[in-house]
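Data block below; observations after.
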2 protein chains.
Amino acid sequence: MYRTHNCGELRIEDAGKEVILSGWIQTSNNLGHMNFVQLRDRYGITQLNFNKDDNAELLEKSGKLGREFVVMAKGIVRERSSKNKNIPTGDIEIQVHELTILNESKVPPFTIEDESDGGDDLRMKYRYLDLRRRPVQNNIIFRAKVGMETRKYLSDQGFLEIETPFLIKSTPEGARDFIVPSRLNPNQFYALPQSPQTFKQILMVAGMDKYFQIVKCFRDEDLRADRQPEFTQIDCEMAFVTQEEILNTFEGLTKHLFKETLGIELDDFPRMTYDEAMVRYGSDKPDTRFGMEFVELNDLAQGKGFGVFDNAELVVGINAEGQADQYSNKDIKKLTEWMQRPQIGAKGLVYVKYNDDGSVKSSVGKFFSDDDLKAWGEKFGAKAGDMLLILSGETDKTRKQLNELRLEMGRRMGLMKPGDFKPLWVVDFPLLEWDEESGRFHAMHHPFTSPKKEDVDRMLNGDHETMKSLRADAYDLVINGSEIGGGSIRIHDRALQERNFELLGFTEEEAEAQFGFLMGAFEYGAPPHGGLAFGFDRLCAVLMGQTSIRDFIAFPKNNQGRDVMIDAPAPIAKEQLDELYLELKEKE
Amino acid sequence: MYRTHNCGELRIEDAGKEVILSGWIQTSNNLGHMNFVQLRDRYGITQLNFNKDDNAELLEKSGKLGREFVVMAKGIVRERSSKNKNIPTGDIEIQVHELTILNESKVPPFTIEDESDGGDDLRMKYRYLDLRRRPVQNNIIFRAKVGMETRKYLSDQGFLEIETPFLIKSTPEGARDFIVPSRLNPNQFYALPQSPQTFKQILMVAGMDKYFQIVKCFRDEDLRADRQPEFTQIDCEMAFVTQEEILNTFEGLTKHLFKETLGIELDDFPRMTYDEAMVRYGSDKPDTRFGMEFVELNDLAQGKGFGVFDNAELVVGINAEGQADQYSNKDIKKLTEWMQRPQIGAKGLVYVKYNDDGSVKSSVGKFFSDDDLKAWGEKFGAKAGDMLLILSGETDKTRKQLNELRLEMGRRMGLMKPGDFKPLWVVDFPLLEWDEESGRFHAMHHPFTSPKKEDVDRMLNGDHETMKSLRADAYDLVINGSEIGGGSIRIHDRALQERNFELLGFTEEEAEAQFGFLMGAFEYGAPPHGGLAFGFDRLCAVLMGQTSIRDFIAFPKNNQGRDVMIDAPAPIAKEQLDELYLELKEKE
């Protein structure tokens with residue numbers, strides 16, 4: 001037996017007991033006649049005491065313990081003379097009378113402390129050492145807890161966890177698939193699923209009624225920061241269900257997770273239509289921890305001779321409260337330049353300051369009277385000390401730009417408070433999105449999303465313009481500006497699904513080849529159904545108030561899709577390729 | 001809202017309530033003036049009553065409902081005149097006053113009944129209809145329950161479910177990997193994991209202490225009956241742990257599963273060494289629901305002039321109790337032929353019958369006196385009416401053959417009782433297995449398995465012959481002759497791991513290229529650790545007393561590795577191959 005207790009559980013009540021602990025050496029504090037050694041495991045840290053009076057030989061042996069050595073120590077629990085109030089085991093120490101070195105350790109390439117001196121690459125290469133650091137370990141433990149609580153909640157609601165296959169068929173729509181050559185079926189390929197979408201719908205046709213799965217999904221995308229080629233979804237589907245029932249079910253799940261993992265009781269989640277979110281925040285995932293909502297100024301700001309505004313489709317701004325005296329001309333100039341970067345692409349930025357002395361100052365003072373500017377202020381509800389920031393231009397673009405500005409100001413003004421959680425359902429998404437570039441519609445959610453009941457006729461019979469106005473029973477859950485997940489009521493009727501594929505530019509043959517099995521299933525008694533998927537990695541990060549999903553994945557890939565610890569991907573043997581009837585082509 | 005209740009929950013106490021049910025039409029019994037319709041969902045079946053007196057129009061509408069139509073019915077719960085005691089809802093029916101057809105159905109290609117008239121291929125193609133059949137649905141529901149109970153038990157024991165990556169590196173050892181070409185790293189490949197073995201060991205080095213995962217694994221093997229290219233494991237690992245603690249933990253899990261899913265309380269599991277299992281049953285996964293143990297006869301049967309026995313390394317038999325008068329000479333001949341098939345390969349089969357009248361009859365009566373044969377009977381504990389079946393030859397082969405015979409006789413004699421569960425730990429497996437053909441050692445469990453402590457020195461310093469006698473801390477859980485899973489204490493020391501790779505025929509370079517990261521990790525404070533994996537598909541099948549794992553997988557592949565429902569694998573677009581810098585080679 002390697003231990004009777006772990007390193008986090010002994011208390012003053014255990015004084016006098018003989019115990020065995022095993023763990024890693026965190027630090028030694030060797031005073032010559034005495035050595036205080038901190039022994040660490042997943043559960044905590046316990047102090048081992050070696051001293052000359054008790055056992056001179058053992059004291060000497062303890063002096064040879066290096067950082068991260070693995071040891072087993074047998075001894076008596078006793079009260080410490082100098083207590084450590086910062087750790088739960090701080091009242092006691094172990095007077096060791098037997099010490100076994102289970103394994104030695106080379107000096108780690110970075111410190112195993114909360115704040116490490118290791119760079120990103122080094123920590124990824126030695127991920128097993130990085131994972132020993134408490135903050136990383138806590139993230140992984142937290143993730144396990146969120147997963148377990150999700151499963152408990154959904155099981156208790158009658159959901160069945162059903163595994164869907166990983167070796168499926170490639171569908172060229174959407175993101176790129178990872179493919180898997182089949183040896184038994186030469187020149188044919190499986191694909192790894194981007195999501196279990198069609199399978200969970202098939203499970204509804206199969207009468208499974210309520211399905212969930214916490215499941216890996218795969219996308220072969222060009223990796224941006226914080227994208228992973230493999231990621232995890234909480235994937236759900238229900239039959240005989242309305243959008244309302246789905247929202248309530250997963251609002252229930254989300255509340256449960258907050259309560260069980262953070263001890264936070266959330267109020268009912270507000271709901272907002274996609275259109276409203278765009279008007280008020282310029283985003284379908286607004287951070288509602290703070291206001292600073294958009295105010296449109298076309299009525300007050302146009303027709304006064306300022307050409308930029310007069311020619312704009314939309315004049316819209318936000319009120320940065322109390323910021324008038326925080327921004328010098330130089331600061332405004334810098335902020336304007338920030339907005340003009342190609343990532344955002346604003347042409348300019350208009351400000352209006354309402355000074356404490358009652359005066360008004362603005363970059364467009366030449367074009368507007370003080371009374372004009374005060375009327376704007378009234379519309380914004382601006383007080384003395386506030387500063388308006390105003391953009392103008394084409395509606396969609398301008399809203400997008402102002403959304404960036406609002407978020408930036410929120411950050412600068414400290415309005416995104418950690419520990420403050422503001423969930424929001426965004427509903428009534430458009431069904432289709434017209435893409436000028438490719439000259440075709442894209443599915444705003446995915447090709448299986450149903451139009452709202454009242455839009456079905458218009459979808460089946462309407463003209464091209466009509467299609468742009470179709471609304472879907474599609475919804476997203478947003479928390480603090482992060483999209484946690486989304487879903488929709490699905491089409492369960494073959495004719496409607498065919499029409500959707502047609503609108504999305506599929507030929508009949510393409511639709512049949514890729515999704516014939518699903519449309520076939522719709523002909524054998526498919527029930528109405530719908531569902532949703534949460535990004536599990538993202539959900540964990542948001543719950544912990546962190547931004548990087550990589551910190552919640554035990555073995556993440558880097559930005560080139562590489563696992564630098566195991567050094568994958570890697571070349572393979574020619575025999576393996578031969579068996580698969582494949583040949584490599586040189587990259588030019 | 002599509003329903004206020006499901007089709008399995010209404011009882012006589014609900015009489016008088018207005019309810020809405022939704023589901024599938026199982027059957028109609030249309031008497032002209034009345035129509036009894038059985039409405040089915042996952043939860044049960046409820047009778048809908050339409051009749052002329054209540055609503056003639058609705059009665060007519062109900063006459064158009066075909067099998068598997070999806071309907072929503074609103075009505076009043078009332079007591080049935082003719083009750084059905086076979087179903088929980090059999091006391092009531094719904095007097096329907098509103099009927100909505102939610103979706104129609106073509107006539108299914110096979111009947112959706114417990115016993116279907118559909119062949120295997122048809123049922124796989126229309127898997128969504130097959131899954132509607134109660135026995136198949138029950139299997140999937142049962143699997144979900146086993147999964148959930150596994151997670152609850154292990155979580156309560158402090159295990160963390162941690163996801164390991166699916167896109168890893170190919171290691172040519174063992175079974176074939178499925179490979180995944182990387183687009184971002186041209187001419188390089190990921191592999192899908194055959195198991196998370198190295199990652200779970202890394203997690204122990206990382207201090208995660210107790211890990212589990214219910215996880216898909218992949219093997220590109222030539223498919224035999226009941227093998228799947230993707231299958232699921234309950235995968236576990238623990239640090240600072242002895243074999244004894246691992247066995248106890250997973251015996252606890254197994255008992256928990258039997259209790260929670262079947263209501264069966266199992267006794268403590270017996271343990272048997274590999275050597276003992278081979279001697280007593282000729283198998284490392286004996287079915288211990290029945291005895292019929294091997295008895296070795298060399299002492300009594302050799303040296304009496306019967307050349308076949310005299311020249312054999314082993315003479316060994318079983319006692320088929322009460323079978324003496326069940327087997328005519330013709331039956332014995334048939335059984336002998338069955339044993340001589342190439343799959344088993346016995347040379348012959350000797351019988352001895354102890355007749356009720358005290359006489360003895362044997363195929364080797366010419367060579368042995370009645371007294372000789374009676375002495376054999378005594379050694380077997382044979383009674384009047386019993387029949388010995390005896391094989392001889394090279395020890396390992398003969399035991400293997402006799403194992404097949406024992407199982408066959410067990411089947412014929414009805415000794416494998418359904419509902420009778422006999423778990424067994426088989427322990428102390430050999431570490432290495434000498435393979436004559438390839439002239440090298442294979443790992444009996446896998447290359448990461450530790451020799452027993454007392455064998456470490458012999459492993460590091462012994463000669464070739466010594467290696468054959470090394471024993472490992474490796475164990476299998478066997479239930480009713482099925483291997484549920486197995487595991488081992490792992491090597492956590494670089495030098496020992498290097499020695500094992502050397503014995504297994506790896507060059508230093510190969511070992512480093514494939515497993516360098518793991519051996520590197522062993523140098524930074526790797527704790528002693530071990531674990532185990534259960535085959536989840538197999539476990540579910542064994543719990544339900546069934547033999548096919550395919551019936552416990554929602555979307556299994558067929559024997560050619562194909563998913564015939566979605567028609568995968570399939571050819572892919574040339575553009576996809578181009579992006580991956582791959583070319584197809586023609587199969588000759």
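A note on labels: chains of the structure tokens are A, B, ... as shown, every chain counts residues from 1, and ligands are counted from 1 in their shown order.
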
| task | Taking the DSSP assignment computed from this structure's backbone, write out as number ranges by chain all residues of range 123-256 of chain A that belong to alpha helix (DSSP H). | result | A: 123-125, 127-130, 134-156, 197-205, 243-256

| request: Extract, using only C-alpha atoms, all DNA, RNA and protein residues at most 9 Å from Arg3 in chain B, discarding same-chain residues fewer than 2 positions from it, and format them as a ChimeraX atom specification. | output: /A:240-241 /B:1,5-6,19-22,72-74

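Closest approach to chain A among B:Ile390, B:Leu584, B:Met339, B:Leu10 is made by B:Leu584 (distances from only C-alpha atoms).
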
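The environment of Phe448 in chain A within 10 Å, counting only C-alpha atoms and disregarding residues fewer than 5 places along the same chain, consists of Gln197, Thr198, Gln201, Ala443, Ser488, Ile489, Arg490, Ile491, His492, Leu496, Gln497, Asn500, Phe501, Leu518 and Gly530 of chain A.
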
Show me a table, sorted first by chain and then by increasing residue number, of the residues of chain A having an atom at most 6 Å from chain B, each with its shortest atom pair and the distance in Å to one decimal, counting only C-alpha atoms and written as CSV.
```
residue,atom,partner,partner_atom,distance
A:Tyr2,CA,B:Phe240,CA,5.5
A:Arg42,CA,B:Gly207,CA,6.0
A:Glu68,CA,B:Gly525,CA,5.6
A:Phe69,CA,B:Gly525,CA,5.2
A:Val70,CA,B:Gly525,CA,5.5
A:Asn103,CA,B:Gly525,CA,5.6
A:Glu104,CA,B:Gly525,CA,5.5
A:Ser105,CA,B:Tyr524,CA,4.2
A:Lys106,CA,B:Tyr524,CA,5.5
A:Tyr128,CA,B:Ala206,CA,4.3
A:Leu129,CA,B:Ala206,CA,5.9
A:Leu131,CA,B:Ala206,CA,5.5
A:Arg132,CA,B:Ala206,CA,5.2
A:Ala144,CA,B:Glu161,CA,5.3
A:Leu160,CA,B:Ala144,CA,5.7
A:Glu161,CA,B:Ala144,CA,5.3
A:Ile168,CA,B:Ala568,CA,5.9
A:Lys169,CA,B:Ala568,CA,5.2
A:Ile179,CA,B:Val180,CA,6.0
A:Val180,CA,B:Val180,CA,5.1
A:Gln188,CA,B:Pro571,CA,4.5
A:Phe189,CA,B:Pro569,CA,4.8
A:Tyr190,CA,B:Pro569,CA,4.6
A:Ala206,CA,B:Tyr128,CA,4.3
A:Gly207,CA,B:Arg132,CA,5.8
A:Phe240,CA,B:Tyr2,CA,5.5
A:Phe517,CA,B:Ile566,CA,5.8
A:Glu523,CA,B:Ser105,CA,5.5
A:Tyr524,CA,B:Ser105,CA,4.2
A:Gly525,CA,B:Ser105,CA,4.5
A:Ile566,CA,B:Phe517,CA,5.8
A:Ala568,CA,B:Lys169,CA,5.2
A:Pro569,CA,B:Tyr190,CA,4.6
A:Ala570,CA,B:Gln188,CA,4.7
A:Pro571,CA,B:Gln188,CA,4.5
A:Tyr581,CA,B:Lys585,CA,4.8
A:Leu582,CA,B:Leu584,CA,4.9
A:Glu583,CA,B:Glu583,CA,5.0
A:Leu584,CA,B:Leu582,CA,4.8
A:Lys585,CA,B:Tyr581,CA,4.8
```

Produce a file of the selected residues containing N, CA and C atoms, as a CSV table (one decimal), in the first residue's frame.
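Writing the result to out.csv gives the following:
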```
chain,number,residue,atom,x,y,z
A,2,TYR,N,0.5,2.2,-0.9
A,2,TYR,CA,1.4,3.4,-1.0
A,2,TYR,C,0.9,4.5,-0.2
A,42,ARG,N,-2.7,15.6,-6.0
A,42,ARG,CA,-3.9,16.3,-6.6
A,42,ARG,C,-4.8,16.9,-5.5
A,68,GLU,N,10.1,17.5,-7.4
A,68,GLU,CA,9.3,16.6,-8.2
A,68,GLU,C,9.7,15.1,-8.0
A,69,PHE,N,10.6,14.9,-7.1
A,69,PHE,CA,10.9,13.5,-6.7
A,69,PHE,C,9.5,12.9,-6.2
A,70,VAL,N,9.3,11.6,-6.4
A,70,VAL,CA,8.1,10.9,-5.9
A,70,VAL,C,8.5,10.1,-4.7
A,103,ASN,N,10.5,7.3,-7.1
A,103,ASN,CA,11.0,7.7,-8.4
A,103,ASN,C,11.7,9.0,-8.2
A,104,GLU,N,12.8,9.2,-9.0
A,104,GLU,CA,13.5,10.4,-9.0
A,104,GLU,C,13.0,11.3,-10.1
A,105,SER,N,13.5,12.6,-10.1
A,105,SER,CA,13.1,13.5,-11.2
A,105,SER,C,14.2,14.3,-11.6
A,106,LYS,N,14.4,14.5,-12.9
A,106,LYS,CA,15.3,15.5,-13.4
A,106,LYS,C,14.8,16.8,-13.0
A,128,TYR,N,2.7,17.1,-19.3
A,128,TYR,CA,2.5,16.3,-18.0
A,128,TYR,C,3.1,17.1,-16.8
A,129,LEU,N,4.0,18.0,-17.0
A,129,LEU,CA,4.5,18.8,-15.9
A,129,LEU,C,3.6,20.1,-15.8
A,131,LEU,N,0.5,20.2,-16.4
A,131,LEU,CA,-0.8,19.7,-15.8
A,131,LEU,C,-0.6,19.5,-14.3
A,132,ARG,N,0.6,19.5,-13.8
A,132,ARG,CA,0.8,19.4,-12.3
A,132,ARG,C,0.6,20.7,-11.6
A,144,ALA,N,-14.2,18.0,-15.5
A,144,ALA,CA,-14.8,16.7,-15.2
A,144,ALA,C,-16.1,16.9,-14.4
A,160,LEU,N,-31.2,10.0,-22.8
A,160,LEU,CA,-30.3,8.8,-23.0
A,160,LEU,C,-29.0,9.3,-23.6
A,161,GLU,N,-27.9,8.9,-23.0
A,161,GLU,CA,-26.6,9.2,-23.7
A,161,GLU,C,-26.4,8.0,-24.7
A,168,ILE,N,-17.8,8.2,-40.3
A,168,ILE,CA,-19.0,8.5,-41.1
A,168,ILE,C,-18.6,8.9,-42.5
A,169,LYS,N,-19.5,9.6,-43.2
A,169,LYS,CA,-19.3,10.0,-44.6
A,169,LYS,C,-19.0,11.4,-44.7
A,179,ILE,N,-10.6,13.2,-43.1
A,179,ILE,CA,-11.0,12.0,-43.8
A,179,ILE,C,-10.1,10.8,-43.3
A,180,VAL,N,-10.6,9.6,-43.4
A,180,VAL,CA,-10.0,8.4,-42.9
A,180,VAL,C,-10.1,7.4,-44.0
A,188,GLN,N,-11.9,4.3,-50.9
A,188,GLN,CA,-13.1,4.9,-50.3
A,188,GLN,C,-12.6,5.4,-48.9
A,189,PHE,N,-13.4,6.4,-48.4
A,189,PHE,CA,-13.0,7.1,-47.2
A,189,PHE,C,-14.1,7.3,-46.2
A,190,TYR,N,-13.8,7.2,-45.0
A,190,TYR,CA,-14.7,7.7,-44.0
A,190,TYR,C,-14.4,9.2,-43.7
A,206,ALA,N,-36.0,7.3,-34.9
A,206,ALA,CA,-36.0,6.0,-34.3
A,206,ALA,C,-36.7,5.9,-33.0
A,207,GLY,N,-37.3,7.0,-32.6
A,207,GLY,CA,-38.1,6.9,-31.4
A,207,GLY,C,-37.4,7.0,-30.1
A,240,PHE,N,-41.0,15.6,-30.4
A,240,PHE,CA,-42.3,16.1,-29.9
A,240,PHE,C,-42.1,17.4,-29.0
A,517,PHE,N,-30.2,9.4,-47.0
A,517,PHE,CA,-30.7,8.5,-45.9
A,517,PHE,C,-31.6,9.3,-44.9
A,523,GLU,N,-39.6,9.9,-44.5
A,523,GLU,CA,-40.8,9.3,-45.1
A,523,GLU,C,-41.4,8.2,-44.3
A,524,TYR,N,-40.7,7.8,-43.2
A,524,TYR,CA,-41.2,6.7,-42.4
A,524,TYR,C,-41.6,7.1,-41.0
A,525,GLY,N,-42.4,8.2,-40.9
A,525,GLY,CA,-42.9,8.6,-39.6
A,525,GLY,C,-41.9,9.3,-38.8
A,566,ILE,N,3.6,14.6,-28.2
A,566,ILE,CA,3.8,13.3,-28.8
A,566,ILE,C,4.4,13.4,-30.2
A,568,ALA,N,2.8,14.8,-33.1
A,568,ALA,CA,1.9,14.3,-34.1
A,568,ALA,C,1.3,15.6,-34.8
A,569,PRO,N,0.9,15.5,-36.1
A,569,PRO,CA,1.0,14.4,-37.0
A,569,PRO,C,2.5,14.1,-37.3
A,570,ALA,N,2.7,12.9,-38.0
A,570,ALA,CA,4.0,12.5,-38.3
A,570,ALA,C,4.0,11.7,-39.6
A,571,PRO,N,5.1,11.5,-40.3
A,571,PRO,CA,5.1,10.7,-41.5
A,571,PRO,C,4.7,9.2,-41.1
A,581,TYR,N,-3.8,1.9,-50.6
A,581,TYR,CA,-3.8,2.3,-52.0
A,581,TYR,C,-3.7,3.8,-52.1
A,582,LEU,N,-2.8,4.3,-51.4
A,582,LEU,CA,-2.5,5.8,-51.4
A,582,LEU,C,-1.1,6.1,-51.8
A,583,GLU,N,-0.9,7.2,-52.4
A,583,GLU,CA,0.4,7.7,-52.7
A,583,GLU,C,0.5,9.2,-52.3
A,584,LEU,N,1.7,9.5,-51.8
A,584,LEU,CA,1.9,10.9,-51.4
A,584,LEU,C,2.2,11.7,-52.7
A,585,LYS,N,1.7,13.0,-52.7
A,585,LYS,CA,2.1,13.9,-53.8
A,585,LYS,C,3.1,14.9,-53.1
```

| Those of range 244-346 of chain A in DSSP strand (DSSP E or B), formatted as number ranges by chain | A: 271-273, 295-296, 314-320

For C-alpha atoms, I'd like the residues from the last selection saved as a JSON list (two decimals), in the first residue's frame.
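Wrote result.json, looks like this:
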```json
[["chain", "number", "residue", "atom", "x", "y", "z"],
["A", 271, "ARG", "CA", -34.76, 36.42, -24.46],
["A", 272, "MET", "CA", -34.08, 38.75, -27.33],
["A", 273, "THR", "CA", -34.72, 38.38, -31.04],
["A", 295, "VAL", "CA", -28.78, 54.77, -29.96],
["A", 296, "GLU", "CA", -29.65, 55.61, -33.55],
["A", 314, "LEU", "CA", -27.13, 54.65, -40.34],
["A", 315, "VAL", "CA", -25.83, 57.08, -37.75],
["A", 316, "VAL", "CA", -25.49, 55.29, -34.46],
["A", 317, "GLY", "CA", -23.57, 55.71, -31.23],
["A", 318, "ILE", "CA", -22.96, 54.70, -27.66],
["A", 319, "ASN", "CA", -22.67, 56.71, -24.47],
["A", 320, "ALA", "CA", -19.45, 56.12, -22.56]]
```
